[in-house]
file structure-v2.txt (compact mmCIF, C-alpha atoms)
# COMPACT_ATOMS: atom_id res chain seq x y z
CA MET L 63 84.97 -77.14 -42.71
CA ILE L 64 86.59 -77.91 -46.07
CA GLN L 65 85.17 -81.44 -46.15
CA GLY L 66 81.66 -80.04 -45.71
CA ILE L 67 82.22 -77.60 -48.57
CA ILE L 68 83.48 -80.41 -50.83
CA ASP L 69 80.58 -82.69 -49.87
CA GLN L 70 78.04 -79.95 -50.61
CA ALA L 71 79.66 -79.21 -53.98
CA THR L 72 79.60 -82.92 -54.84
CA GLU L 73 75.91 -83.15 -54.04
CA ASP L 74 75.21 -79.99 -56.06
CA VAL L 75 77.03 -81.43 -59.10
CA ARG L 76 75.23 -84.75 -58.70
CA GLN L 77 71.89 -82.96 -58.89
CA ILE L 78 73.05 -80.88 -61.86
CA VAL L 79 74.01 -84.04 -63.77
CA GLU L 80 70.84 -85.92 -62.82
CA ARG L 81 68.51 -83.07 -63.80
CA ALA L 82 70.25 -82.07 -67.03
CA HIS L 83 68.29 -82.01 -70.28
CA VAL L 84 71.01 -80.63 -72.57
CA ASP L 85 71.79 -82.79 -75.59
CA SER L 86 74.98 -84.83 -75.36
CA MET L 87 76.96 -83.24 -78.21
CA THR L 88 76.34 -79.76 -76.81
CA MET L 89 77.33 -80.82 -73.30
CA ILE L 90 80.56 -82.48 -74.46
CA ALA L 91 81.49 -79.48 -76.62
CA ARG L 92 80.90 -77.09 -73.72
CA TYR L 93 82.94 -79.30 -71.41
CA ALA L 94 85.83 -79.38 -73.88
CA ALA L 95 85.62 -75.60 -74.37
CA ALA L 96 85.79 -75.05 -70.61
CA PHE L 97 88.45 -77.61 -69.67
CA ALA L 98 90.73 -78.47 -72.61
CA VAL L 99 93.29 -75.73 -72.01
CA ASN L 100 91.96 -74.03 -68.89
CA PHE L 101 92.40 -76.88 -66.41
CA THR L 102 96.19 -76.92 -66.70
CA ASP L 103 96.19 -73.12 -66.72
CA TRP L 104 94.32 -73.11 -63.40
CA MET L 105 96.87 -75.53 -61.94
CA GLY L 106 99.74 -73.38 -63.20
CA ARG L 107 98.21 -70.26 -61.67
CA THR L 108 97.59 -72.05 -58.37
CA ILE L 109 101.10 -73.43 -57.94
CA LEU L 110 102.49 -69.86 -58.01
CA TRP L 111 100.63 -68.89 -54.83
CA VAL L 112 100.15 -71.99 -52.64
CA ARG L 113 101.79 -71.90 -49.22
CA HIS L 114 101.81 -75.55 -48.16
CA GLU L 115 104.39 -78.05 -49.42
CA LYS L 116 101.72 -80.74 -49.95
CA SER L 117 99.86 -78.40 -52.28
CA ARG L 118 102.98 -77.72 -54.34
CA TYR L 119 103.71 -81.45 -54.61
CA VAL L 120 100.16 -82.41 -55.66
CA LEU L 121 100.02 -79.64 -58.26
CA ALA L 122 103.45 -80.47 -59.72
CA ASP L 123 102.57 -84.17 -59.86
CA ASN L 124 99.28 -83.45 -61.65
CA LEU L 125 100.90 -81.04 -64.09
CA ARG L 126 103.50 -83.67 -64.97
CA CYS L 127 100.73 -86.21 -65.56
CA GLU L 128 98.72 -83.78 -67.70
CA SER L 129 101.82 -82.95 -69.76
CA VAL L 130 103.27 -86.44 -70.25
CA GLU L 131 99.91 -88.01 -71.12
CA ASP L 132 98.77 -84.95 -73.15
CA HIS L 133 95.38 -84.65 -71.48
CA VAL L 134 94.48 -81.62 -73.63
CA GLY L 135 94.97 -83.65 -76.81
CA MET L 136 93.21 -86.61 -75.20
CA LEU L 137 90.14 -84.49 -74.42
CA LEU L 138 90.04 -82.87 -77.86
CA GLN L 139 90.27 -86.27 -79.54
CA PHE L 140 87.48 -87.54 -77.28
CA ALA L 141 85.31 -84.56 -78.27
CA GLU L 142 86.10 -85.04 -81.97
CA LEU L 143 85.22 -88.74 -81.86
CA SER L 144 81.94 -87.76 -80.20
CA GLY L 145 81.20 -85.30 -83.03
CA ALA L 146 81.44 -82.53 -80.44
CA LEU L 147 84.54 -80.44 -81.08
CA PRO L 148 83.81 -77.06 -79.50
CA ALA L 149 82.84 -74.17 -81.77
CA ARG L 150 82.60 -70.45 -81.09
CA VAL L 151 79.13 -70.83 -79.57
CA HIS L 152 80.38 -73.33 -76.99
CA PHE L 153 83.28 -71.11 -75.91
CA ALA L 154 80.85 -68.19 -75.69
CA THR L 155 78.47 -70.21 -73.52
CA VAL L 156 81.09 -70.89 -70.82
CA ARG L 157 83.04 -67.63 -71.21
CA ARG L 158 81.60 -65.85 -68.17
CA GLU L 159 82.13 -68.79 -65.81
CA VAL L 160 85.69 -69.39 -67.05
CA SER L 161 86.39 -65.68 -66.64
CA GLU L 162 85.07 -65.73 -63.07
CA ILE L 163 87.45 -68.59 -62.30
CA ARG L 164 90.37 -66.63 -63.76
CA HIS L 165 89.47 -63.78 -61.42
CA LEU L 166 90.02 -66.08 -58.43
CA PHE L 167 93.75 -65.78 -59.15
CA ARG L 168 93.96 -61.98 -59.22
CA ASP L 169 94.65 -61.58 -55.50
CA PRO L 170 97.95 -63.17 -54.41
CA LEU L 171 96.71 -63.23 -50.81
CA THR L 172 93.89 -65.64 -51.65
CA ALA L 173 94.89 -67.27 -54.96
CA GLY L 174 96.61 -70.32 -53.47
CA LEU L 175 93.67 -71.45 -51.37
CA SER L 176 91.15 -70.45 -54.04
CA GLY L 177 92.92 -72.52 -56.67
CA MET L 178 93.33 -75.54 -54.42
CA VAL L 179 89.64 -75.57 -53.51
CA LEU L 180 88.58 -75.08 -57.14
CA LEU L 181 90.78 -77.95 -58.33
CA THR L 182 89.84 -80.21 -55.42
CA VAL L 183 86.14 -79.74 -56.09
CA LEU L 184 86.63 -80.51 -59.79
CA GLU L 185 88.75 -83.59 -59.04
CA VAL L 186 86.28 -84.94 -56.46
CA THR L 187 83.15 -84.20 -58.49
CA SER L 188 84.71 -85.84 -61.56
CA GLU L 189 83.63 -89.09 -59.95
CA VAL L 190 80.09 -87.86 -60.70
CA PHE L 191 80.43 -86.21 -64.11
CA ILE L 192 83.08 -88.38 -65.84
CA PRO L 193 80.83 -91.50 -65.99
CA ASP L 194 78.04 -89.29 -67.39
CA LEU L 195 80.47 -87.84 -69.94
CA ALA L 196 81.44 -91.36 -71.06
CA GLU L 197 77.82 -92.44 -71.43
CA ARG L 198 76.95 -89.35 -73.43
CA ALA L 199 79.96 -89.92 -75.71
CA ARG L 200 78.89 -93.52 -76.25
CA ARG L 201 75.48 -92.28 -77.40
CA CYS L 202 77.27 -89.93 -79.82
CA GLY L 203 79.15 -92.82 -81.41
CA CYS L 204 82.51 -92.41 -79.66
CA THR L 205 84.60 -95.59 -79.61
CA ASN L 206 87.73 -94.38 -77.80
CA PHE L 207 87.24 -93.78 -74.09
CA THR L 208 90.85 -93.20 -73.09
CA TYR L 209 90.00 -89.76 -71.69
CA THR L 210 87.18 -90.96 -69.44
CA ASP L 211 88.99 -94.20 -68.54
CA VAL L 212 92.11 -92.31 -67.42
CA HIS L 213 90.14 -89.71 -65.51
CA GLY L 214 87.74 -92.21 -64.02
CA SER L 215 90.48 -94.30 -62.41
CA ALA L 216 93.20 -91.69 -61.84
CA ASP L 217 90.94 -89.00 -60.44
CA ILE L 218 90.02 -91.12 -57.43
CA ALA L 219 93.66 -91.08 -56.34
CA HIS L 220 94.04 -87.45 -57.43
CA SER L 221 90.92 -86.36 -55.56
CA LEU L 222 92.20 -87.96 -52.34
CA ALA L 223 95.59 -86.27 -52.76
CA PHE L 224 93.99 -82.89 -53.48
CA THR L 225 91.61 -83.24 -50.51
CA GLU L 226 94.50 -83.89 -48.13
CA ALA L 227 96.55 -81.07 -49.62
CA VAL L 228 93.75 -78.50 -49.44
CA LYS L 229 93.23 -79.30 -45.76
CA GLY L 230 96.84 -78.34 -45.18
CA GLU L 231 96.55 -75.25 -47.38
CA ALA L 232 93.58 -74.03 -45.35
CA THR L 233 95.78 -73.88 -42.22
CA MET L 234 98.31 -71.50 -43.76
CA GLY L 235 97.05 -68.21 -42.33
CA TYR L 236 94.55 -67.09 -44.97
CA ILE L 237 92.27 -64.31 -43.71
CA ASP L 238 88.63 -65.46 -43.82
CA ALA L 239 89.56 -68.87 -45.23
CA GLU L 240 85.98 -70.12 -45.14
CA ALA L 241 84.74 -67.32 -47.41
CA ILE L 242 87.63 -67.94 -49.84
CA MET L 243 86.85 -71.66 -49.95
CA ARG L 244 83.12 -71.19 -50.44
CA LYS L 245 83.65 -68.70 -53.28
CA ALA L 246 86.03 -71.08 -55.10
CA ALA L 247 83.74 -74.09 -54.62
CA ASP L 248 80.79 -72.05 -55.90
CA ALA L 249 82.79 -71.09 -59.00
CA ALA L 250 83.44 -74.77 -59.78
CA VAL L 251 79.78 -75.72 -59.30
CA THR L 252 78.59 -72.74 -61.35
CA LEU L 253 80.83 -73.82 -64.25
CA MET L 254 79.40 -77.34 -64.16
CA ARG L 255 75.88 -75.92 -64.00
CA ARG L 256 76.56 -73.85 -67.14
CA ILE L 257 78.03 -76.83 -69.01
CA TYR L 258 74.92 -78.88 -68.23
CA ALA L 259 72.37 -76.04 -68.65

call {"tool": "encode", "arguments": {"input": "structure-v2.txt", "output": "structure tokens"}}
result
Amino acid sequence: MIQGIIDQATEDVRQIVERAHVDSMTMIARYAAAFAVNFTDWMGRTILWVRHEKSRYVLADNLRCESVEDHVGMLLQFAELSGALPARVHFATVRREVSEIRHLFRDPLTAGLSGMVLLTVLEVTSEVFIPDLAERARRCGCTNFTYTDVHGSADIAHSLAFTEAVKGEATMGYIDAEAIMRKAADAAVTLMRRIYA
């Protein structure tokens, strides 16, 4: 069940990226506004509520990586070098979708699975949107691709680890697990659709 949800989300994001007409600076600024601080926040909120040991391990490992390598700073530098540091308008554009994701963590009975699916979908679909992000940055004059290089190579391993962990998390007695997973996957896809709109 979860693999089908991930596969559908990946296809949805692929179509979003392929059909996008937004200019590159706007897209990068929206992406930075949505992810720069929020991604680690979502991981931190998820680790509080997961039930499976594999989920806790994967989240802790990713948080360590994000912290040690300063992925927030890496992304903001990438955006700056692309001439696309986010401004108020970019935060406003993604505000509703980011808020909807925050709401996934309000119910302790569903937050662990919701967070794991959200993060898994974003890790897996990064194989689609990170190369596009790099190409757009190149067109904007960026010369430092540390952010996209790190996420391009590392996220393959991370996406596999998250996929295995979320399969375990889904077996941990959540009521109506399929509905929880679909709602979280839809939230991830909706955020990407807004960034590329």

call {"tool": "closest_atom_pairs", "arguments": {"input": "structure-v2.txt", "of": "range 117-181 of chain L", "to": "range 79-95 of chain L", "cutoff": "6 Å", "atoms": "only C-alpha atoms", "output": "tab-separated table"}}
result
residue	atom	partner	partner_atom	distance
L:Ala146	CA	L:Ala91	CA	4.9
L:Leu147	CA	L:Ala91	CA	5.5
L:Pro148	CA	L:Ala91	CA	4.4
L:His152	CA	L:Arg92	CA	5.0
L:Phe153	CA	L:Ala95	CA	5.3

call {"tool": "closest_residue", "arguments": {"input": "structure-v2.txt", "among": "L:Arg76, L:Arg198, L:His133, L:Arg255", "to": "Thr155 in chain L", "atoms": "all atoms listed in the file"}}
result
L:Arg255

call {"tool": "atom_distance", "arguments": {"input": "structure-v2.txt", "atom1": "CA of Leu138 in chain L", "atom2": "CA of Ile163 in chain L"}}
result
21.3 Å

call {"tool": "residues_around", "arguments": {"input": "structure-v2.txt", "residues": "Gly145 in chain L", "least_positions_apart": "5", "cutoff": "9 Å", "atoms": "only C-alpha atoms", "output": "list in words"}}
result
Met87, Ala91, Phe140, Ala199, Cys202, Gly203 and Cys204 of chain L

call {"tool": "atom_distance", "arguments": {"input": "structure-v2.txt", "atom1": "CA of Ala196 in chain L", "atom2": "CA of Ala219 in chain L"}}
result
19.1 Å

call {"tool": "closest_residue", "arguments": {"input": "structure-v2.txt", "among": "L:Ala249, L:Ile68, L:Val179, L:Leu110", "to": "Glu231 in chain L", "atoms": "only C-alpha atoms"}}
result
L:Val179

call {"tool": "atom_distance", "arguments": {"input": "structure-v2.txt", "atom1": "CA of Arg256 in chain L", "atom2": "CA of Val156 in chain L"}}
result
6.5 Å

call {"tool": "closest_residue", "arguments": {"input": "structure-v2.txt", "among": "L:Met136, L:Met63, L:Val120, L:Val99", "to": "Ile242 in chain L", "atoms": "all atoms listed in the file"}}
result
L:Met63

call {"tool": "residues_near_point", "arguments": {"input": "structure-v2.txt", "point": "(82.6, -83.1, -63.9)", "cutoff": "12 Å", "atoms": "all atoms listed in the file", "output": "compact mmCIF listing (two decimals) with C-alpha atoms, in the coordinates of the input"}}
result
# COMPACT_ATOMS: atom_id res chain seq x y z
CA ALA L 71 79.66 -79.21 -53.98
CA THR L 72 79.60 -82.92 -54.84
CA GLU L 73 75.91 -83.15 -54.04
CA ASP L 74 75.21 -79.99 -56.06
CA VAL L 75 77.03 -81.43 -59.10
CA ARG L 76 75.23 -84.75 -58.70
CA GLN L 77 71.89 -82.96 -58.89
CA ILE L 78 73.05 -80.88 -61.86
CA VAL L 79 74.01 -84.04 -63.77
CA MET L 89 77.33 -80.82 -73.30
CA ILE L 90 80.56 -82.48 -74.46
CA ARG L 92 80.90 -77.09 -73.72
CA TYR L 93 82.94 -79.30 -71.41
CA ALA L 94 85.83 -79.38 -73.88
CA ALA L 96 85.79 -75.05 -70.61
CA PHE L 97 88.45 -77.61 -69.67
CA PHE L 101 92.40 -76.88 -66.41
CA LEU L 181 90.78 -77.95 -58.33
CA THR L 182 89.84 -80.21 -55.42
CA VAL L 183 86.14 -79.74 -56.09
CA LEU L 184 86.63 -80.51 -59.79
CA GLU L 185 88.75 -83.59 -59.04
CA VAL L 186 86.28 -84.94 -56.46
CA THR L 187 83.15 -84.20 -58.49
CA SER L 188 84.71 -85.84 -61.56
CA GLU L 189 83.63 -89.09 -59.95
CA VAL L 190 80.09 -87.86 -60.70
CA PHE L 191 80.43 -86.21 -64.11
CA ILE L 192 83.08 -88.38 -65.84
CA PRO L 193 80.83 -91.50 -65.99
CA ASP L 194 78.04 -89.29 -67.39
CA LEU L 195 80.47 -87.84 -69.94
CA ALA L 196 81.44 -91.36 -71.06
CA THR L 210 87.18 -90.96 -69.44
CA HIS L 213 90.14 -89.71 -65.51
CA GLY L 214 87.74 -92.21 -64.02
CA ASP L 217 90.94 -89.00 -60.44
CA ALA L 250 83.44 -74.77 -59.78
CA VAL L 251 79.78 -75.72 -59.30
CA THR L 252 78.59 -72.74 -61.35
CA LEU L 253 80.83 -73.82 -64.25
CA MET L 254 79.40 -77.34 -64.16
CA ARG L 255 75.88 -75.92 -64.00
CA ARG L 256 76.56 -73.85 -67.14
CA ILE L 257 78.03 -76.83 -69.01
CA TYR L 258 74.92 -78.88 -68.23

call {"tool": "closest_residue", "arguments": {"input": "structure-v2.txt", "among": "L:Leu137, L:Asn206, L:Val151, L:Ala247", "to": "Asn100 in chain L", "atoms": "all atoms listed in the file"}}
result
L:Leu137

call {"tool": "closest_residue", "arguments": {"input": "structure-v2.txt", "among": "L:Ile67, L:Asp248, L:Ala259, L:Ala223", "to": "Glu162 in chain L", "atoms": "only C-alpha atoms"}}
result
L:Asp248

call {"tool": "closest_residue", "arguments": {"input": "structure-v2.txt", "among": "L:Ala246, L:Cys127, L:Val134, L:Leu175", "to": "Gly230 in chain L", "atoms": "only C-alpha atoms"}}
result
L:Leu175

call {"tool": "decode", "arguments": {"input": "structure-v2.txt", "residues": "range 67-146 of chain L", "atoms": "C-alpha atoms", "output": "CSV table (one decimal), in the first residue's frame"}}
result
chain,number,residue,atom,x,y,z
L,67,ILE,CA,1.2,5.9,-2.5
L,68,ILE,CA,4.9,6.8,-2.8
L,69,ASP,CA,5.0,5.8,-6.5
L,70,GLN,CA,1.8,7.9,-7.2
L,71,ALA,CA,3.3,10.9,-5.4
L,72,THR,CA,6.5,10.6,-7.4
L,73,GLU,CA,4.6,10.6,-10.7
L,74,ASP,CA,2.6,13.6,-9.6
L,75,VAL,CA,5.7,15.5,-8.7
L,76,ARG,CA,7.3,14.5,-12.0
L,77,GLN,CA,4.4,16.0,-13.9
L,78,ILE,CA,4.4,19.1,-11.8
L,79,VAL,CA,8.1,19.7,-12.6
L,80,GLU,CA,7.7,18.9,-16.3
L,81,ARG,CA,4.7,21.2,-16.7
L,82,ALA,CA,5.9,24.1,-14.7
L,83,HIS,CA,6.1,27.6,-16.3
L,84,VAL,CA,7.2,29.5,-13.2
L,85,ASP,CA,10.4,31.5,-13.6
L,86,SER,CA,13.5,30.0,-12.0
L,87,MET,CA,14.2,32.7,-9.4
L,88,THR,CA,10.7,32.6,-8.1
L,89,MET,CA,10.7,28.8,-7.9
L,90,ILE,CA,14.0,28.7,-6.0
L,91,ALA,CA,12.9,31.5,-3.6
L,92,ARG,CA,9.6,29.6,-2.9
L,93,TYR,CA,11.5,26.4,-2.4
L,94,ALA,CA,13.8,28.0,0.1
L,95,ALA,CA,10.9,29.7,1.9
L,96,ALA,CA,9.2,26.4,2.3
L,97,PHE,CA,12.1,24.1,3.2
L,98,ALA,CA,15.0,26.1,4.7
L,99,VAL,CA,13.9,25.9,8.3
L,100,ASN,CA,10.7,23.8,8.0
L,101,PHE,CA,12.2,20.5,6.9
L,102,THR,CA,14.2,19.9,10.1
L,103,ASP,CA,11.2,21.1,12.1
L,104,TRP,CA,9.1,18.5,10.4
L,105,MET,CA,11.7,15.8,11.3
L,106,GLY,CA,11.8,17.1,14.9
L,107,ARG,CA,8.0,16.9,15.2
L,108,THR,CA,7.9,13.4,13.7
L,109,ILE,CA,10.5,11.9,15.9
L,110,LEU,CA,8.4,12.8,19.0
L,111,TRP,CA,5.5,10.5,17.9
L,112,VAL,CA,7.0,7.6,15.8
L,113,ARG,CA,6.4,4.1,17.2
L,114,HIS,CA,8.9,2.0,15.2
L,115,GLU,CA,12.6,1.8,16.2
L,116,LYS,CA,13.6,2.1,12.5
L,117,SER,CA,11.8,5.3,12.2
L,118,ARG,CA,13.5,6.8,15.2
L,119,TYR,CA,16.9,5.8,13.9
L,120,VAL,CA,16.3,7.2,10.4
L,121,LEU,CA,15.1,10.5,11.8
L,122,ALA,CA,17.9,10.8,14.3
L,123,ASP,CA,20.5,10.0,11.6
L,124,ASN,CA,19.0,12.6,9.2
L,125,LEU,CA,18.8,15.3,11.9
L,126,ARG,CA,22.4,14.7,12.7
L,127,CYS,CA,23.3,15.1,9.0
L,128,GLU,CA,21.2,18.2,8.6
L,129,SER,CA,22.8,19.7,11.7
L,130,VAL,CA,26.5,18.8,11.2
L,131,GLU,CA,26.4,19.8,7.5
L,132,ASP,CA,24.2,22.9,8.2
L,133,HIS,CA,21.7,22.2,5.4
L,134,VAL,CA,19.7,25.3,6.3
L,135,GLY,CA,22.7,27.5,5.7
L,136,MET,CA,23.6,25.5,2.6
L,137,LEU,CA,20.2,26.0,1.1
L,138,LEU,CA,20.1,29.8,1.9
L,139,GLN,CA,23.6,30.2,0.4
L,140,PHE,CA,22.4,28.3,-2.7
L,141,ALA,CA,19.3,30.6,-3.0
L,142,GLU,CA,21.5,33.7,-2.5
L,143,LEU,CA,24.0,32.7,-5.2
L,144,SER,CA,21.0,32.1,-7.5
L,145,GLY,CA,19.7,35.7,-6.8
L,146,ALA,CA,16.7,34.1,-5.2
